[in-house]
file input32.txt (compact mmCIF, C-alpha atoms)
# COMPACT_ATOMS: atom_id res chain seq x y z
CA MET A 13 0.00 0.00 0.00
CA TRP A 14 2.78 2.43 0.93
CA ILE A 15 4.64 1.92 -2.32
CA ALA A 16 1.53 2.63 -4.41
CA TRP A 17 0.87 5.72 -2.32
CA LEU A 18 4.47 6.92 -2.75
CA ASN A 19 4.27 6.48 -6.52
CA MET A 20 0.99 8.41 -6.65
CA GLU A 21 2.28 11.26 -4.48
CA LEU A 22 5.41 11.48 -6.60
CA ILE A 23 3.25 12.35 -9.59
CA LEU A 24 0.40 14.26 -7.97
CA GLY A 25 1.36 15.66 -4.63
CA ASP A 26 3.57 16.07 -1.62
CA PHE A 27 6.14 13.28 -1.88
CA MET A 28 8.40 14.41 0.97
CA GLY A 29 5.41 14.85 3.28
CA LEU A 30 4.47 11.25 2.66
CA VAL A 31 8.06 10.16 3.25
CA LYS A 32 7.85 11.73 6.71
CA LYS A 33 4.59 9.85 7.38
CA ALA A 34 6.15 6.58 6.23
CA ILE A 35 9.14 7.07 8.50
CA SER A 36 7.02 7.97 11.52
CA SER A 37 4.80 4.92 11.02
CA ASP A 38 7.72 2.50 10.60
CA ALA A 39 6.53 1.40 7.15
CA GLY A 40 9.17 -1.27 6.54
CA LEU A 41 12.37 -1.91 4.65
CA ASN A 42 10.73 -2.31 1.23
CA VAL A 43 9.07 1.10 1.53
CA TYR A 44 12.33 2.76 2.56
CA ASN A 45 14.13 1.14 -0.35
CA ARG A 46 11.48 2.42 -2.75
CA ILE A 47 11.86 5.93 -1.30
CA VAL A 48 15.59 5.80 -2.02
CA GLU A 49 14.96 4.53 -5.54
CA ILE A 50 12.49 7.36 -6.23
CA LEU A 51 14.92 9.96 -4.90
CA ARG A 52 17.68 8.54 -7.11
CA GLU A 53 15.39 8.61 -10.14
CA GLN A 54 14.78 12.30 -9.42
CA ASP A 55 18.55 12.91 -9.23
CA ASN A 56 18.21 13.90 -5.59
CA TRP A 57 21.36 11.97 -4.62
CA ASP A 58 22.16 13.80 -1.39
CA VAL A 59 18.78 13.12 0.18
CA ALA A 60 18.78 9.56 -1.18
CA PHE A 61 22.18 8.87 0.36
CA GLU A 62 21.10 10.25 3.74
CA MET A 63 17.97 8.10 3.61
CA ALA A 64 20.07 5.04 2.68
CA LYS A 65 22.30 5.66 5.71
CA LYS A 66 19.22 5.88 7.96
CA ILE A 67 17.93 2.61 6.53
CA LEU A 68 21.24 0.92 7.22
CA LYS A 69 21.30 2.22 10.79
CA LYS A 70 17.69 1.19 11.45
CA TYR A 71 17.90 -2.25 9.80
CA ASN A 72 21.50 -3.11 10.67
CA THR A 73 20.67 -6.80 11.19
CA ASP A 74 18.95 -7.25 7.82
CA PRO A 75 21.25 -8.29 4.96
CA LYS A 76 18.87 -6.67 2.45
CA ALA A 77 19.69 -3.25 3.90
CA TYR A 78 23.41 -3.80 3.26
CA ILE A 79 22.78 -5.08 -0.25
CA HIS A 80 20.68 -2.01 -1.03
CA MET A 81 23.35 0.32 0.33
CA LEU A 82 26.06 -1.40 -1.72
CA LYS A 83 23.95 -1.09 -4.88
CA PHE A 84 23.43 2.57 -4.12
CA MET A 85 27.15 3.20 -3.66
CA VAL A 86 28.10 1.33 -6.84
CA GLU A 87 25.52 3.13 -8.98
CA GLU A 88 26.32 6.61 -7.64

call {"tool": "encode", "arguments": {"input": "input32.txt", "output": "structure tokens"}}
result
Amino acid sequence: MWIAWLNMELILGDFMGLVKKAISSDAGLNVYNRIVEILREQDNWDVAFEMAKKILKKYNTDPKAYIHMLKFMVEE
């Protein structure tokens, strides 16, 4: 649900406002990863990198978080 909402807000509305809601509600790793992907697609690398670091800090026991961060660093 969150990912669909993020995609819709990206096109129609307040994307960063929804990002704040997702973070405050602890939406999950997949949602955070999609946020980073959207920010990268918009060439907003600084914000995407900061978000990726927060994901890694929050999900430091999940290997998927490290894989996502490595992909981000390689593609940057």

call {"tool": "atom_distance", "arguments": {"input": "input32.txt", "atom1": "CA of Glu49 (chain A)", "atom2": "CA of Leu22 (chain A)"}}
result
11.9 Å

call {"tool": "atom_distance", "arguments": {"input": "input32.txt", "atom1": "CA of Ile79 (chain A)", "atom2": "CA of Arg46 (chain A)"}}
result
13.8 Å

call {"tool": "closest_residue", "arguments": {"input": "input32.txt", "among": "A:Ala77, A:Leu30, A:Val59, A:Leu68", "to": "Ile15 (chain A)", "atoms": "only C-alpha atoms"}}
result
A:Leu30

call {"tool": "atom_distance", "arguments": {"input": "input32.txt", "atom1": "CA of Met63 (chain A)", "atom2": "CA of Leu51 (chain A)"}}
result
9.2 Å

call {"tool": "closest_residue", "arguments": {"input": "input32.txt", "among": "A:Leu41, A:Met28, A:Ala34, A:Leu18", "to": "Asp74 (chain A)", "atoms": "all atoms listed in the file"}}
result
A:Leu41

call {"tool": "residues_around", "arguments": {"input": "input32.txt", "residues": "Phe61 (chain A)", "least_positions_apart": "6", "cutoff": "10 Å", "atoms": "only C-alpha atoms", "output": "ChimeraX atom specification"}}
result
/A:48,51-52,67,81,84-85,88

call {"tool": "closest_residue", "arguments": {"input": "input32.txt", "among": "A:Lys66, A:Ile50, A:Asp58, A:Asn45", "to": "His80 (chain A)", "atoms": "all atoms listed in the file"}}
result
A:Asn45

call {"tool": "axis_aligned_box", "arguments": {"input": "input32.txt", "around": "region 34-46 of chain A", "padding_each_side": "4 Å", "output": "JSON"}}
result
{"center_x": 9.5, "center_y": 2.8, "center_z": 4.4, "size_x": 17.3, "size_y": 18.3, "size_z": 22.3}

call {"tool": "closest_residue", "arguments": {"input": "input32.txt", "among": "A:Ile23, A:Ala60, A:Ala16, A:Leu82", "to": "Ile47 (chain A)", "atoms": "all atoms listed in the file"}}
result
A:Ala60

call {"tool": "decode", "arguments": {"input": "input32.txt", "residues": "region 38-61 of chain A", "atoms": "N, CA, C and O atoms", "output": "JSON list (two decimals), in the first residue's frame"}}
result
[["chain", "number", "residue", "atom", "x", "y", "z"],
["A", 38, "ASP", "N", 6.87, 3.69, 10.71],
["A", 38, "ASP", "CA", 7.72, 2.50, 10.60],
["A", 38, "ASP", "C", 7.18, 1.57, 9.52],
["A", 38, "ASP", "O", 6.80, 0.43, 9.76],
["A", 39, "ALA", "N", 7.17, 2.07, 8.29],
["A", 39, "ALA", "CA", 6.53, 1.40, 7.15],
["A", 39, "ALA", "C", 7.21, 0.10, 6.73],
["A", 39, "ALA", "O", 6.57, -0.77, 6.19],
["A", 40, "GLY", "N", 8.50, -0.03, 6.91],
["A", 40, "GLY", "CA", 9.17, -1.27, 6.54],
["A", 40, "GLY", "C", 10.29, -1.05, 5.55],
["A", 40, "GLY", "O", 10.35, -0.02, 4.87],
["A", 41, "LEU", "N", 11.16, -2.02, 5.47],
["A", 41, "LEU", "CA", 12.37, -1.91, 4.65],
["A", 41, "LEU", "C", 12.05, -1.73, 3.16],
["A", 41, "LEU", "O", 12.69, -0.92, 2.49],
["A", 42, "ASN", "N", 11.06, -2.44, 2.64],
["A", 42, "ASN", "CA", 10.73, -2.31, 1.23],
["A", 42, "ASN", "C", 10.28, -0.90, 0.88],
["A", 42, "ASN", "O", 10.61, -0.37, -0.19],
["A", 43, "VAL", "N", 9.53, -0.27, 1.77],
["A", 43, "VAL", "CA", 9.07, 1.10, 1.53],
["A", 43, "VAL", "C", 10.26, 2.06, 1.54],
["A", 43, "VAL", "O", 10.38, 2.93, 0.67],
["A", 44, "TYR", "N", 11.15, 1.89, 2.50],
["A", 44, "TYR", "CA", 12.33, 2.76, 2.56],
["A", 44, "TYR", "C", 13.19, 2.60, 1.31],
["A", 44, "TYR", "O", 13.69, 3.57, 0.76],
["A", 45, "ASN", "N", 13.35, 1.37, 0.86],
["A", 45, "ASN", "CA", 14.13, 1.14, -0.35],
["A", 45, "ASN", "C", 13.49, 1.81, -1.55],
["A", 45, "ASN", "O", 14.18, 2.38, -2.40],
["A", 46, "ARG", "N", 12.17, 1.76, -1.64],
["A", 46, "ARG", "CA", 11.48, 2.42, -2.75],
["A", 46, "ARG", "C", 11.65, 3.93, -2.67],
["A", 46, "ARG", "O", 11.81, 4.61, -3.69],
["A", 47, "ILE", "N", 11.64, 4.49, -1.47],
["A", 47, "ILE", "CA", 11.86, 5.93, -1.30],
["A", 47, "ILE", "C", 13.23, 6.31, -1.85],
["A", 47, "ILE", "O", 13.37, 7.28, -2.59],
["A", 48, "VAL", "N", 14.24, 5.53, -1.52],
["A", 48, "VAL", "CA", 15.59, 5.80, -2.02],
["A", 48, "VAL", "C", 15.64, 5.70, -3.53],
["A", 48, "VAL", "O", 16.23, 6.54, -4.21],
["A", 49, "GLU", "N", 14.98, 4.68, -4.09],
["A", 49, "GLU", "CA", 14.96, 4.53, -5.54],
["A", 49, "GLU", "C", 14.30, 5.73, -6.21],
["A", 49, "GLU", "O", 14.78, 6.23, -7.23],
["A", 50, "ILE", "N", 13.19, 6.20, -5.66],
["A", 50, "ILE", "CA", 12.49, 7.36, -6.23],
["A", 50, "ILE", "C", 13.38, 8.59, -6.16],
["A", 50, "ILE", "O", 13.48, 9.35, -7.13],
["A", 51, "LEU", "N", 14.04, 8.80, -5.04],
["A", 51, "LEU", "CA", 14.92, 9.96, -4.90],
["A", 51, "LEU", "C", 16.07, 9.89, -5.90],
["A", 51, "LEU", "O", 16.47, 10.90, -6.48],
["A", 52, "ARG", "N", 16.61, 8.69, -6.12],
["A", 52, "ARG", "CA", 17.68, 8.54, -7.11],
["A", 52, "ARG", "C", 17.17, 8.83, -8.51],
["A", 52, "ARG", "O", 17.86, 9.46, -9.30],
["A", 53, "GLU", "N", 15.98, 8.36, -8.83],
["A", 53, "GLU", "CA", 15.39, 8.61, -10.14],
["A", 53, "GLU", "C", 15.19, 10.10, -10.39],
["A", 53, "GLU", "O", 15.26, 10.56, -11.52],
["A", 54, "GLN", "N", 14.97, 10.85, -9.32],
["A", 54, "GLN", "CA", 14.78, 12.30, -9.42],
["A", 54, "GLN", "C", 16.11, 13.05, -9.35],
["A", 54, "GLN", "O", 16.12, 14.27, -9.30],
["A", 55, "ASP", "N", 17.21, 12.33, -9.36],
["A", 55, "ASP", "CA", 18.55, 12.91, -9.23],
["A", 55, "ASP", "C", 18.73, 13.72, -7.96],
["A", 55, "ASP", "O", 19.44, 14.71, -7.92],
["A", 56, "ASN", "N", 18.09, 13.27, -6.90],
["A", 56, "ASN", "CA", 18.21, 13.90, -5.59],
["A", 56, "ASN", "C", 19.14, 13.01, -4.75],
["A", 56, "ASN", "O", 18.73, 12.42, -3.76],
["A", 57, "TRP", "N", 20.40, 12.93, -5.18],
["A", 57, "TRP", "CA", 21.36, 11.97, -4.62],
["A", 57, "TRP", "C", 21.69, 12.23, -3.15],
["A", 57, "TRP", "O", 21.86, 11.29, -2.39],
["A", 58, "ASP", "N", 21.79, 13.50, -2.77],
["A", 58, "ASP", "CA", 22.16, 13.80, -1.39],
["A", 58, "ASP", "C", 21.11, 13.29, -0.41],
["A", 58, "ASP", "O", 21.44, 12.65, 0.59],
["A", 59, "VAL", "N", 19.86, 13.57, -0.70],
["A", 59, "VAL", "CA", 18.78, 13.12, 0.18],
["A", 59, "VAL", "C", 18.66, 11.60, 0.14],
["A", 59, "VAL", "O", 18.46, 10.95, 1.16],
["A", 60, "ALA", "N", 18.84, 11.02, -1.04],
["A", 60, "ALA", "CA", 18.78, 9.56, -1.18],
["A", 60, "ALA", "C", 19.88, 8.89, -0.37],
["A", 60, "ALA", "O", 19.64, 7.87, 0.29],
["A", 61, "PHE", "N", 21.07, 9.46, -0.39],
["A", 61, "PHE", "CA", 22.18, 8.87, 0.36],
["A", 61, "PHE", "C", 21.93, 8.97, 1.86],
["A", 61, "PHE", "O", 22.19, 8.01, 2.61]]
